[in-house]
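Heads up: the structure comes next, in structure tokens.
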Amino acid sequence: MKEFNDKSYHSPQDEMRPDWDFAGFVVLARFAFDVARDIANADRLPTWNPGDEFLPAREKSGVK
């Protein structure tokens, strides 16, 4: 993995292949937009489930 990251990842060897089909990205982008819009328009922010290890940090931040 280290060798790949050092020598190949995001390098001139990257290539775009004409047979790749990105048609599904429209559906994915619409889904992400719909989720983000619903969260932005909600009465309150989503939070962690009770007992989740990250909940204390959320509560400590004072964000409601």
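Going through the structure tokens in order, the chains are called A, B, and so on, while each chain numbers its residues from 1 and the ligands are numbered from 1 in the order shown.
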Problem set entry | DSSP helix (DSSP H, G or I) selection over chain A, as a ChimeraX atom specification | /A:2-7,24-40,55-61
For this session: Name the residues in contact with Val63 of chain A at a cut-off of 12 Å, using only C-alpha atoms, excluding same-chain residues fewer than 4 positions from it; report them as a list in words.
Result: Arg44, Leu45, Pro46, Thr47, Leu55, Pro56, Ala57, Arg58 and Glu59 of chain A
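In this model, the gap between atom CA of Gln13 of chain A and atom CA of Phe25 of chain A comes to 24.0 Å.
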